$ cat start29.txt   # compact mmCIF, C-alpha atoms
# COMPACT_ATOMS: atom_id res chain seq x y z
CA MET J 1 96.26 117.03 81.58
CA SER J 2 94.93 120.55 82.10
CA ARG J 3 91.99 121.17 84.41
CA GLU J 4 90.06 122.66 81.50
CA LEU J 5 90.56 119.51 79.41
CA GLN J 6 89.42 117.35 82.32
CA ASP J 7 86.31 119.52 82.59
CA LEU J 8 85.60 118.95 78.89
CA LEU J 9 86.09 115.20 79.25
CA ASP J 10 83.68 115.23 82.18
CA LEU J 11 81.20 117.13 79.99
CA LEU J 12 81.41 114.36 77.37
CA ASP J 13 81.05 111.58 79.95
CA LEU J 14 77.27 111.37 79.75
CA GLU J 15 75.11 109.88 82.49
CA ARG J 16 73.28 106.77 81.36
CA VAL J 17 69.66 107.12 82.47
CA GLU J 18 68.27 104.06 80.66
CA GLU J 19 69.65 101.59 78.12
CA ASP J 20 69.45 104.09 75.24
CA ILE J 21 68.83 107.35 77.11
CA PHE J 22 71.64 109.62 78.28
CA ARG J 23 71.84 112.95 80.09
CA GLY J 24 74.46 115.66 79.75
CA THR J 25 75.18 119.04 81.25
CA SER J 26 76.52 122.19 79.57
CA ARG J 27 79.25 124.72 80.07
CA SER J 28 79.10 128.47 79.66
CA ALA J 29 79.62 129.86 76.17
CA LEU J 30 80.22 133.25 74.58
CA VAL J 31 76.53 133.53 73.71
CA PRO J 32 73.53 132.73 75.96
CA ARG J 33 72.94 129.31 74.42
CA VAL J 34 74.64 125.93 74.38
CA PHE J 35 77.68 125.74 72.08
CA GLY J 36 76.71 123.70 69.02
CA GLY J 37 79.93 121.68 69.02
CA GLN J 38 79.14 120.52 72.54
CA VAL J 39 75.68 119.21 71.60
CA ALA J 40 77.05 117.47 68.49
CA ALA J 41 79.90 115.85 70.44
CA GLN J 42 77.61 114.70 73.25
CA ALA J 43 75.13 113.24 70.74
CA LEU J 44 77.95 111.30 69.09
CA VAL J 45 79.01 110.02 72.52
CA ALA J 46 75.46 108.80 73.13
CA ALA J 47 75.26 107.07 69.73
CA GLY J 48 78.72 105.53 70.10
CA ARG J 49 77.94 104.02 73.47
CA THR J 50 75.31 101.80 71.83
CA VAL J 51 77.74 100.50 69.18
CA PRO J 52 80.54 97.90 69.53
CA ASP J 53 84.01 99.39 70.01
CA ASN J 54 85.28 97.81 66.78
CA ARG J 55 82.84 99.92 64.71
CA PRO J 56 84.02 103.54 64.76
CA ALA J 57 81.86 106.31 63.32
CA HIS J 58 82.50 107.10 59.67
CA SER J 59 79.94 109.89 59.23
CA LEU J 60 77.39 112.07 60.96
CA HIS J 61 74.68 114.43 59.73
CA ALA J 62 72.99 116.81 62.14
CA TYR J 63 70.52 119.68 62.39
CA PHE J 64 70.42 122.36 65.07
CA LEU J 65 66.71 122.88 65.71
CA ARG J 66 66.46 125.25 68.68
CA PRO J 67 68.93 127.16 70.87
CA GLY J 68 70.01 125.06 73.85
CA ASP J 69 69.52 126.30 77.40
CA PRO J 70 72.92 126.06 79.19
CA GLY J 71 71.20 125.98 82.60
CA VAL J 72 69.20 122.81 81.96
CA PRO J 73 70.43 119.21 81.39
CA ILE J 74 70.10 117.82 77.87
CA VAL J 75 68.50 114.38 77.42
CA TYR J 76 69.77 112.30 74.49
CA THR J 77 67.58 109.48 73.22
CA VAL J 78 69.18 106.95 70.86
CA ASP J 79 67.22 104.99 68.26
CA ARG J 80 68.92 101.80 67.05
CA ILE J 81 67.98 102.20 63.40
CA ARG J 82 70.06 99.36 61.99
CA ASP J 83 72.65 96.79 63.03
CA GLY J 84 74.00 95.26 59.83
CA ARG J 85 76.93 92.97 59.11
CA SER J 86 79.19 95.89 58.19
CA PHE J 87 77.35 99.07 59.12
CA THR J 88 75.48 100.30 62.18
CA THR J 89 73.13 103.31 62.07
CA ARG J 90 71.95 105.38 65.01
CA ARG J 91 69.63 108.36 65.35
CA VAL J 92 69.89 110.69 68.34
CA VAL J 93 67.43 113.37 69.46
CA ALA J 94 68.52 115.91 72.08
CA VAL J 95 65.65 117.29 74.18
CA GLN J 96 65.23 120.20 76.59
CA HIS J 97 62.01 121.58 78.08
CA GLY J 98 60.11 118.79 76.31
CA GLN J 99 61.22 119.92 72.84
CA PRO J 100 63.93 118.62 70.47
CA ILE J 101 66.83 121.03 70.12
CA PHE J 102 69.14 118.87 67.99
CA HIS J 103 68.93 115.83 65.73
CA LEU J 104 71.83 113.61 64.65
CA SER J 105 72.17 110.57 62.43
CA ALA J 106 75.46 108.68 62.63
CA SER J 107 76.80 105.67 60.78
CA PHE J 108 79.45 103.27 62.09
CA GLN J 109 81.46 100.70 60.15
CA ALA J 110 83.68 97.74 60.90
CA TYR J 111 87.16 98.16 59.39
CA GLU J 112 87.56 97.00 55.79
CA GLU J 113 90.40 96.93 53.25
CA GLY J 114 89.56 98.78 50.05
CA LEU J 115 90.50 101.34 47.41
CA GLU J 116 92.30 104.34 48.83
CA HIS J 117 93.40 107.77 47.65
CA GLN J 118 93.36 111.36 48.92
CA VAL J 119 94.14 114.88 47.78
CA GLY J 120 97.35 116.50 48.94
CA MET J 121 97.64 118.41 52.21
CA PRO J 122 97.75 122.21 51.76
CA ALA J 123 100.75 124.22 52.82
CA ALA J 124 100.59 125.63 56.35
CA PRO J 125 103.05 127.07 58.88
CA ASP J 126 104.26 124.81 61.68
CA PRO J 127 101.95 125.12 64.70
CA GLU J 128 104.85 125.78 67.10
CA THR J 129 105.68 128.97 65.18
CA LEU J 130 102.17 130.41 65.71
CA PRO J 131 100.99 132.41 68.73
CA THR J 132 98.73 130.74 71.25
CA ALA J 133 95.19 132.01 71.80
CA ALA J 134 96.30 133.68 75.03
CA GLU J 135 98.97 135.58 73.08
CA ALA J 136 96.95 136.44 69.96
CA LEU J 137 93.40 137.22 71.04
CA PRO J 138 94.12 140.21 73.34
CA LEU J 139 95.78 141.94 70.37
CA HIS J 140 92.52 142.12 68.42
CA LEU J 141 89.63 141.98 70.89
CA PRO J 142 88.45 144.00 73.91
CA PRO J 143 89.97 142.55 77.11
CA ASP J 144 86.72 141.10 78.47
CA VAL J 145 85.79 139.47 75.15
CA ALA J 146 89.30 138.04 74.71
CA ARG J 147 89.23 136.64 78.24
CA ARG J 148 85.86 134.94 77.76
CA LEU J 149 86.88 133.48 74.41
CA ILE J 150 90.15 132.16 75.83
CA GLU J 151 88.28 130.60 78.75
CA ALA J 152 85.66 129.03 76.47
CA ARG J 153 88.38 127.34 74.38
CA ALA J 154 90.86 126.60 77.18
CA ALA J 155 90.59 122.81 76.80
CA VAL J 156 92.00 123.11 73.28
CA ASP J 157 95.25 124.60 72.03
CA LEU J 158 93.93 126.36 68.91
CA ARG J 159 96.27 128.51 66.83
CA TYR J 160 95.36 130.61 63.79
CA ALA J 161 97.71 130.36 60.81
CA ASP J 162 96.63 133.87 59.76
CA LEU J 163 94.70 136.69 61.36
CA PRO J 164 91.21 135.63 62.51
CA PRO J 165 88.14 137.56 61.28
CA TRP J 166 88.22 140.03 64.16
CA GLY J 167 91.82 140.85 63.28
CA THR J 168 90.93 142.22 59.83
CA VAL J 169 87.55 143.91 60.36
CA GLY J 170 86.61 146.08 57.38
CA ARG J 171 89.09 144.40 55.05
CA PRO J 172 87.50 141.61 52.96
CA ARG J 173 89.90 138.89 51.96
CA LYS J 174 89.95 135.43 50.45
CA PRO J 175 87.31 133.27 52.20
CA ARG J 176 89.76 130.74 53.56
CA SER J 177 91.27 130.16 56.99
CA GLN J 178 93.51 127.65 58.70
CA VAL J 179 93.91 126.69 62.34
CA TRP J 180 95.99 124.07 64.06
CA PHE J 181 94.45 122.42 67.11
CA ARG J 182 95.02 119.71 69.71
CA THR J 183 93.77 119.09 73.22
CA ASN J 184 95.60 120.80 76.07
CA GLY J 185 96.95 117.53 77.41
CA LYS J 186 97.49 113.91 76.42
CA LEU J 187 94.65 111.39 76.36
CA GLU J 188 95.75 108.15 77.97
CA GLY J 189 94.31 105.22 79.87
CA GLU J 190 90.53 105.35 79.96
CA HIS J 191 90.60 108.35 77.61
CA ALA J 192 92.52 106.60 74.82
CA GLY J 193 89.51 105.14 72.94
CA SER J 194 88.88 106.17 69.34
CA LEU J 195 85.31 107.35 70.02
CA LEU J 196 86.57 110.11 72.32
CA HIS J 197 88.98 111.42 69.69
CA LEU J 198 86.16 111.56 67.13
CA CYS J 199 83.92 113.39 69.62
CA LEU J 200 86.63 115.91 70.50
CA ALA J 201 87.20 116.68 66.82
CA THR J 202 83.43 117.11 66.45
CA TYR J 203 83.48 119.55 69.38
CA VAL J 204 86.28 121.66 67.85
CA SER J 205 84.92 121.50 64.30
CA ASP J 206 82.13 123.96 65.15
CA MET J 207 84.44 126.62 66.60
CA THR J 208 85.84 128.23 63.46
CA LEU J 209 84.18 126.76 60.37
CA LEU J 210 82.11 129.84 59.52
CA ASP J 211 85.09 132.17 59.94
CA SER J 212 85.76 131.90 56.21
CA VAL J 213 82.27 133.31 55.49
CA LEU J 214 83.11 136.36 57.60
CA LEU J 215 86.49 136.88 55.97
CA ALA J 216 84.94 137.33 52.53
CA HIS J 217 83.00 140.35 53.81
CA GLY J 218 85.46 141.89 56.26
CA ARG J 219 83.24 141.02 59.22
CA GLY J 220 84.67 140.29 62.65
CA GLY J 221 81.89 137.96 63.76
CA TRP J 222 80.07 137.16 66.95
CA ALA J 223 83.05 138.22 69.08
CA VAL J 224 82.75 141.85 67.95
CA GLY J 225 79.02 141.87 67.22
CA ASP J 226 78.99 142.96 63.58
CA VAL J 227 77.08 139.82 62.57
CA VAL J 228 74.62 137.55 64.32
CA GLY J 229 74.29 133.90 63.51
CA ALA J 230 74.01 130.28 64.51
CA SER J 231 74.79 126.86 63.10
CA LEU J 232 71.97 125.30 61.08
CA ASP J 233 73.34 121.91 60.10
CA HIS J 234 76.60 120.03 60.38
CA ALA J 235 78.03 117.02 58.52
CA MET J 236 81.30 115.14 59.06
CA TRP J 237 83.01 112.21 57.38
CA PHE J 238 85.78 110.44 59.28
CA HIS J 239 88.23 109.02 56.73
CA ARG J 240 91.25 107.83 58.68
CA PRO J 241 92.27 107.33 62.32
CA PHE J 242 93.70 110.33 64.18
CA ARG J 243 94.42 111.52 67.69
CA ALA J 244 92.85 114.70 69.02
CA ASP J 245 95.81 115.21 71.38
CA GLU J 246 98.23 115.54 68.44
CA TRP J 247 98.38 118.51 66.07
CA LEU J 248 95.61 118.60 63.45
CA LEU J 249 95.35 121.16 60.65
CA TYR J 250 91.82 122.46 60.01
CA ASP J 251 91.76 124.00 56.52
CA GLN J 252 88.49 125.87 55.91
CA GLU J 253 86.84 127.84 53.12
CA SER J 254 83.46 129.26 52.14
CA PRO J 255 82.24 128.62 48.59
CA SER J 256 78.99 130.57 48.99
CA ALA J 257 76.88 132.89 51.11
CA GLY J 258 73.40 134.22 50.42
CA GLY J 259 69.88 134.43 51.74
CA GLY J 260 71.11 135.16 55.26
CA ARG J 261 73.10 131.91 55.27
CA GLY J 262 76.74 131.04 54.76
CA LEU J 263 78.34 127.72 53.84
CA GLY J 264 81.65 126.56 55.27
CA GLN J 265 83.59 123.46 54.32
CA GLY J 266 86.74 122.16 55.92
CA ARG J 267 89.25 119.35 55.91
CA ILE J 268 91.16 118.14 58.94
CA TRP J 269 94.64 116.74 58.37
CA THR J 270 97.10 114.93 60.60
CA ARG J 271 100.49 116.54 60.83
CA ASP J 272 102.03 113.84 58.62
CA GLY J 273 99.62 114.63 55.78
CA LYS J 274 96.75 112.16 56.14
CA LEU J 275 93.26 113.46 55.38
CA ALA J 276 91.37 112.54 58.54
CA VAL J 277 88.01 114.36 58.40
CA THR J 278 85.84 116.36 56.00
CA VAL J 279 83.36 118.86 57.49
CA ILE J 280 80.54 120.90 55.93
CA GLN J 281 78.29 123.31 57.77
CA GLU J 282 75.69 125.92 56.89
CA GLY J 283 74.84 128.67 59.32
CA VAL J 284 72.72 131.76 59.69
CA VAL J 285 74.93 134.81 59.08
CA ARG J 286 73.04 138.11 59.31
CA VAL J 287 74.11 141.72 59.54
CA PRO J 288 72.38 143.33 62.56
CA ARG J 289 69.75 145.91 61.76
CA SER J 290 70.77 149.43 62.75

$ encode --input "start29.txt" --output "structure tokens"
Amino acid sequence: MSRELQDLLDLLDLERVEEDIFRGTSRSALVPRVFGGQVAAQALVAAGRTVPDNRPAHSLHAYFLRPGDPGVPIVYTVDRIRDGRSFTTRRVVAVQHGQPIFHLSASFQAYEEGLEHQVGMPAAPDPETLPTAAEALPLHLPPDVARRLIEARAAVDLRYADLPPWGTVGRPRKPRSQVWFRTNGKLEGEHAGSLLHLCLATYVSDMTLLDSVLLAHGRGGWAVGDVVGASLDHAMWFHRPFRADEWLLYDQESPSAGGGRGLGQGRIWTRDGKLAVTVIQEGVVRVPRS
């Protein structure tokens, strides 16, 4: 296991302050606020720790309310909304400086047999044939920006199937992108539980989902500074079991942008073609004023 992955696992290992109150720390990000995927993953950890292990999360719906302060701990308070025979519902509020910065509702379900179908997995190149972030990013970004982005994502092996937004600045193209990802190391022993894999996918899901919005307009994004933005809300549905330490294909597209906002939707597939997760997010996407 890489040191960076261990650091991420430590970040997700929240301190239990009271029965339903947890505290987490933050790591540095590319922008002077807490990375949204971190807050969402930590909130899901907090919710999951109040639910029996045999009831994995099947969905979450969240709103980003205020920018998080990376220098201050985040307190997560869990409300036990419902404990039913099949479903469990939790609400989590993340607080800093006495104000809520994030709100999450998550639903958990005991396993059931039932009707099953899925759409087919899209075509994508094999992940081993694609350049790593350390190989690809310096080709398209200033050295200091590439270094900080590589460091921020070092716990995850994330590989673009095509050029990222900052690789085609000024050239609008189809609003669709694909990345393969997995953790930089195997998750075994105490790290083998299903909740952790769900939380790690939640963490990664916020990294690239709005890229497809940028592609439609030939914008490079936050890394090059030709747009400013932030996540507004985030929803995920977990369809089938998966492992975050095995290759997952994140297929993403943007059906709409307008009013200073952009919508991204994505599907996460296991390498053998199972639809594991559906993700939808809206974010602020603004062109800086000159």

$ residues_around --input "start29.txt" --residues "J:Pro52" --least-positions-apart "2" --cutoff "10 Å" --atoms "all atoms listed in the file" --output "JSON, numbers by chain"
{"J": [48, 49, 50, 54, 55, 56, 88, 108, 109, 110]}

$ atom_distance --input "start29.txt" --atom1 "atom CA of J:Asp211" --atom2 "atom CA of J:Leu232"
14.9 Å

$ residues_around --input "start29.txt" --residues "J:Gly71" --least-positions-apart "6" --cutoff "10 Å" --atoms "all atoms listed in the file" --output "PyMOL selection string"
chain J and resi 25-28+32-34

$ closest_residue --input "start29.txt" --among "J:His58, J:Arg289, J:His217, J:Arg240" --to "J:Ala276" --atoms "only C-alpha atoms"
J:Arg240

$ closest_residue --input "start29.txt" --among "J:Thr183, J:Pro70, J:Leu196, J:Asp144" --to "J:Asp13" --atoms "only C-alpha atoms"
J:Leu196

$ closest_residue --input "start29.txt" --among "J:Leu263, J:Ala136, J:Ala216, J:Val284" --to "J:Val228" --atoms "only C-alpha atoms"
J:Val284

$ atom_distance --input "start29.txt" --atom1 "atom CA of J:Asp272" --atom2 "atom CA of J:Val156"
20.0 Å

$ residues_around --input "start29.txt" --residues "J:Pro131" --least-positions-apart "6" --cutoff "12 Å" --atoms "only C-alpha atoms" --output "list in words"
Pro125, Leu137, Pro138, Leu139, Asp157, Leu158, Arg159, Tyr160, Ala161, Asp162, Leu163, Val179 and Trp180 of chain J

$ closest_residue --input "start29.txt" --among "J:Gln265, J:Thr278, J:Arg182, J:Leu44" --to "J:Pro127" --atoms "all atoms listed in the file"
J:Arg182

$ residues_near_point --input "start29.txt" --point "(72.5, 135.2, 59.2)" --cutoff "12 Å" --atoms "only C-alpha atoms" --output "PyMOL selection string"
chain J and resi 210+213-214+221-222+226-232+257-263+282-289

$ write_last_selection --input "start29.txt" --atoms "C-alpha atoms" --output "short mmCIF file (atom, residue, chain, number, x, y, z; two decimals), in the frame of the given file"
data_model
loop_
_atom_site.label_atom_id
_atom_site.label_comp_id
_atom_site.auth_asym_id
_atom_site.auth_seq_id
_atom_site.Cartn_x
_atom_site.Cartn_y
_atom_site.Cartn_z
CA LEU J 210 82.11 129.84 59.52
CA VAL J 213 82.27 133.31 55.49
CA LEU J 214 83.11 136.36 57.60
CA GLY J 221 81.89 137.96 63.76
CA TRP J 222 80.07 137.16 66.95
CA ASP J 226 78.99 142.96 63.58
CA VAL J 227 77.08 139.82 62.57
CA VAL J 228 74.62 137.55 64.32
CA GLY J 229 74.29 133.90 63.51
CA ALA J 230 74.01 130.28 64.51
CA SER J 231 74.79 126.86 63.10
CA LEU J 232 71.97 125.30 61.08
CA ALA J 257 76.88 132.89 51.11
CA GLY J 258 73.40 134.22 50.42
CA GLY J 259 69.88 134.43 51.74
CA GLY J 260 71.11 135.16 55.26
CA ARG J 261 73.10 131.91 55.27
CA GLY J 262 76.74 131.04 54.76
CA LEU J 263 78.34 127.72 53.84
CA GLU J 282 75.69 125.92 56.89
CA GLY J 283 74.84 128.67 59.32
CA VAL J 284 72.72 131.76 59.69
CA VAL J 285 74.93 134.81 59.08
CA ARG J 286 73.04 138.11 59.31
CA VAL J 287 74.11 141.72 59.54
CA PRO J 288 72.38 143.33 62.56
CA ARG J 289 69.75 145.91 61.76
#

$ atom_distance --input "start29.txt" --atom1 "atom CA of J:Ala43" --atom2 "atom CA of J:Ala94"
7.3 Å

$ closest_residue --input "start29.txt" --among "J:Ile280, J:Leu12, J:Leu5, J:Ile74" --to "J:Leu195" --atoms "only C-alpha atoms"
J:Leu12

$ residues_around --input "start29.txt" --residues "J:Ala235" --least-positions-apart "3" --cutoff "7 Å" --atoms "only C-alpha atoms" --output "list in words"
Leu60, His61, Ala62, Val279, Ile280 and Gln281 of chain J

$ closest_residue --input "start29.txt" --among "J:Gln6, J:Trp247, J:Glu112, J:Ala47" --to "J:Arg91" --atoms "only C-alpha atoms"
J:Ala47

$ axis_aligned_box --input "start29.txt" --around "stretch 254-264 of chain J" --padding-each-side "5 Å" --output "JSON"
{"center_x": 76.7, "center_y": 130.9, "center_z": 51.9, "size_x": 23.6, "size_y": 18.6, "size_z": 16.7}

$ residues_around --input "start29.txt" --residues "stretch 19-23 of chain J" --least-positions-apart "4" --cutoff "6 Å" --atoms "all atoms listed in the file" --output "VMD selection string"
chain J and resid 14 to 15 74 to 78

$ residues_near_point --input "start29.txt" --point "(84.1, 126.2, 83.4)" --cutoff "9 Å" --atoms "all atoms listed in the file" --output "JSON, numbers by chain"
{"J": [4, 7, 8, 27, 28, 151, 152]}

$ build_atoms --input "start29.txt" --residues "stretch 200-233 of chain J" --atoms "N, CA and C atoms" --output "compact mmCIF listing (two decimals), in the frame of the given file"
# COMPACT_ATOMS: atom_id res chain seq x y z
N LEU J 200 85.89 114.67 70.27
CA LEU J 200 86.63 115.91 70.50
C LEU J 200 86.82 116.69 69.21
N ALA J 201 87.10 115.99 68.10
CA ALA J 201 87.20 116.68 66.82
C ALA J 201 85.86 117.28 66.41
N THR J 202 84.77 116.58 66.72
CA THR J 202 83.43 117.11 66.45
C THR J 202 83.20 118.39 67.25
N TYR J 203 83.61 118.38 68.50
CA TYR J 203 83.48 119.55 69.38
C TYR J 203 84.22 120.75 68.78
N VAL J 204 85.47 120.55 68.37
CA VAL J 204 86.28 121.66 67.85
C VAL J 204 85.81 122.11 66.47
N SER J 205 85.26 121.19 65.69
CA SER J 205 84.92 121.50 64.30
C SER J 205 83.91 122.64 64.16
N ASP J 206 83.15 122.91 65.21
CA ASP J 206 82.13 123.96 65.15
C ASP J 206 82.66 125.32 65.62
N MET J 207 83.91 125.38 66.04
CA MET J 207 84.44 126.62 66.60
C MET J 207 84.74 127.68 65.54
N THR J 208 85.29 127.26 64.41
CA THR J 208 85.84 128.23 63.46
C THR J 208 85.37 128.06 62.02
N LEU J 209 84.47 127.12 61.75
CA LEU J 209 84.18 126.76 60.37
C LEU J 209 83.54 127.90 59.58
N LEU J 210 82.74 128.73 60.24
CA LEU J 210 82.11 129.84 59.52
C LEU J 210 82.97 131.09 59.47
N ASP J 211 84.18 131.03 60.03
CA ASP J 211 85.09 132.17 59.94
C ASP J 211 85.34 132.59 58.49
N SER J 212 85.45 131.58 57.61
CA SER J 212 85.76 131.90 56.21
C SER J 212 84.64 132.70 55.56
N VAL J 213 83.39 132.49 55.99
CA VAL J 213 82.27 133.31 55.49
C VAL J 213 82.50 134.77 55.87
N LEU J 214 82.89 135.00 57.11
CA LEU J 214 83.11 136.36 57.60
C LEU J 214 84.25 137.04 56.88
N LEU J 215 85.31 136.30 56.60
CA LEU J 215 86.49 136.88 55.97
C LEU J 215 86.16 137.49 54.61
N ALA J 216 85.27 136.84 53.87
CA ALA J 216 84.94 137.33 52.53
C ALA J 216 84.29 138.70 52.56
N HIS J 217 83.74 139.08 53.71
CA HIS J 217 83.00 140.35 53.81
C HIS J 217 83.62 141.32 54.82
N GLY J 218 84.79 141.00 55.32
CA GLY J 218 85.46 141.89 56.26
C GLY J 218 84.72 142.03 57.58
N ARG J 219 84.00 141.00 57.96
CA ARG J 219 83.24 141.02 59.22
C ARG J 219 84.05 140.33 60.31
N GLY J 220 83.92 140.85 61.53
CA GLY J 220 84.67 140.29 62.65
C GLY J 220 83.96 139.15 63.34
N GLY J 221 82.63 139.10 63.21
CA GLY J 221 81.89 137.96 63.76
C GLY J 221 81.26 138.23 65.09
N TRP J 222 80.82 137.11 65.71
CA TRP J 222 80.07 137.16 66.95
C TRP J 222 80.88 137.81 68.08
N ALA J 223 82.21 137.69 68.01
CA ALA J 223 83.05 138.22 69.08
C ALA J 223 83.01 139.75 69.13
N VAL J 224 82.79 140.39 67.97
CA VAL J 224 82.75 141.85 67.95
C VAL J 224 81.34 142.38 67.67
N GLY J 225 80.42 141.49 67.34
CA GLY J 225 79.02 141.87 67.22
C GLY J 225 78.61 142.52 65.92
N ASP J 226 79.41 142.37 64.85
CA ASP J 226 78.99 142.96 63.58
C ASP J 226 78.23 141.98 62.70
N VAL J 227 78.01 140.77 63.17
CA VAL J 227 77.08 139.82 62.57
C VAL J 227 76.41 139.06 63.71
N VAL J 228 75.26 138.50 63.41
CA VAL J 228 74.62 137.55 64.32
C VAL J 228 74.42 136.27 63.54
N GLY J 229 74.44 135.15 64.24
CA GLY J 229 74.29 133.90 63.51
C GLY J 229 74.25 132.70 64.41
N ALA J 230 74.06 131.56 63.79
CA ALA J 230 74.01 130.28 64.51
C ALA J 230 74.17 129.17 63.49
N SER J 231 74.67 128.04 63.96
CA SER J 231 74.79 126.86 63.10
C SER J 231 73.40 126.32 62.77
N LEU J 232 73.22 125.91 61.51
CA LEU J 232 71.97 125.30 61.08
C LEU J 232 72.09 123.78 60.95
N ASP J 233 73.11 123.35 60.24
CA ASP J 233 73.34 121.91 60.10
C ASP J 233 74.84 121.64 60.08
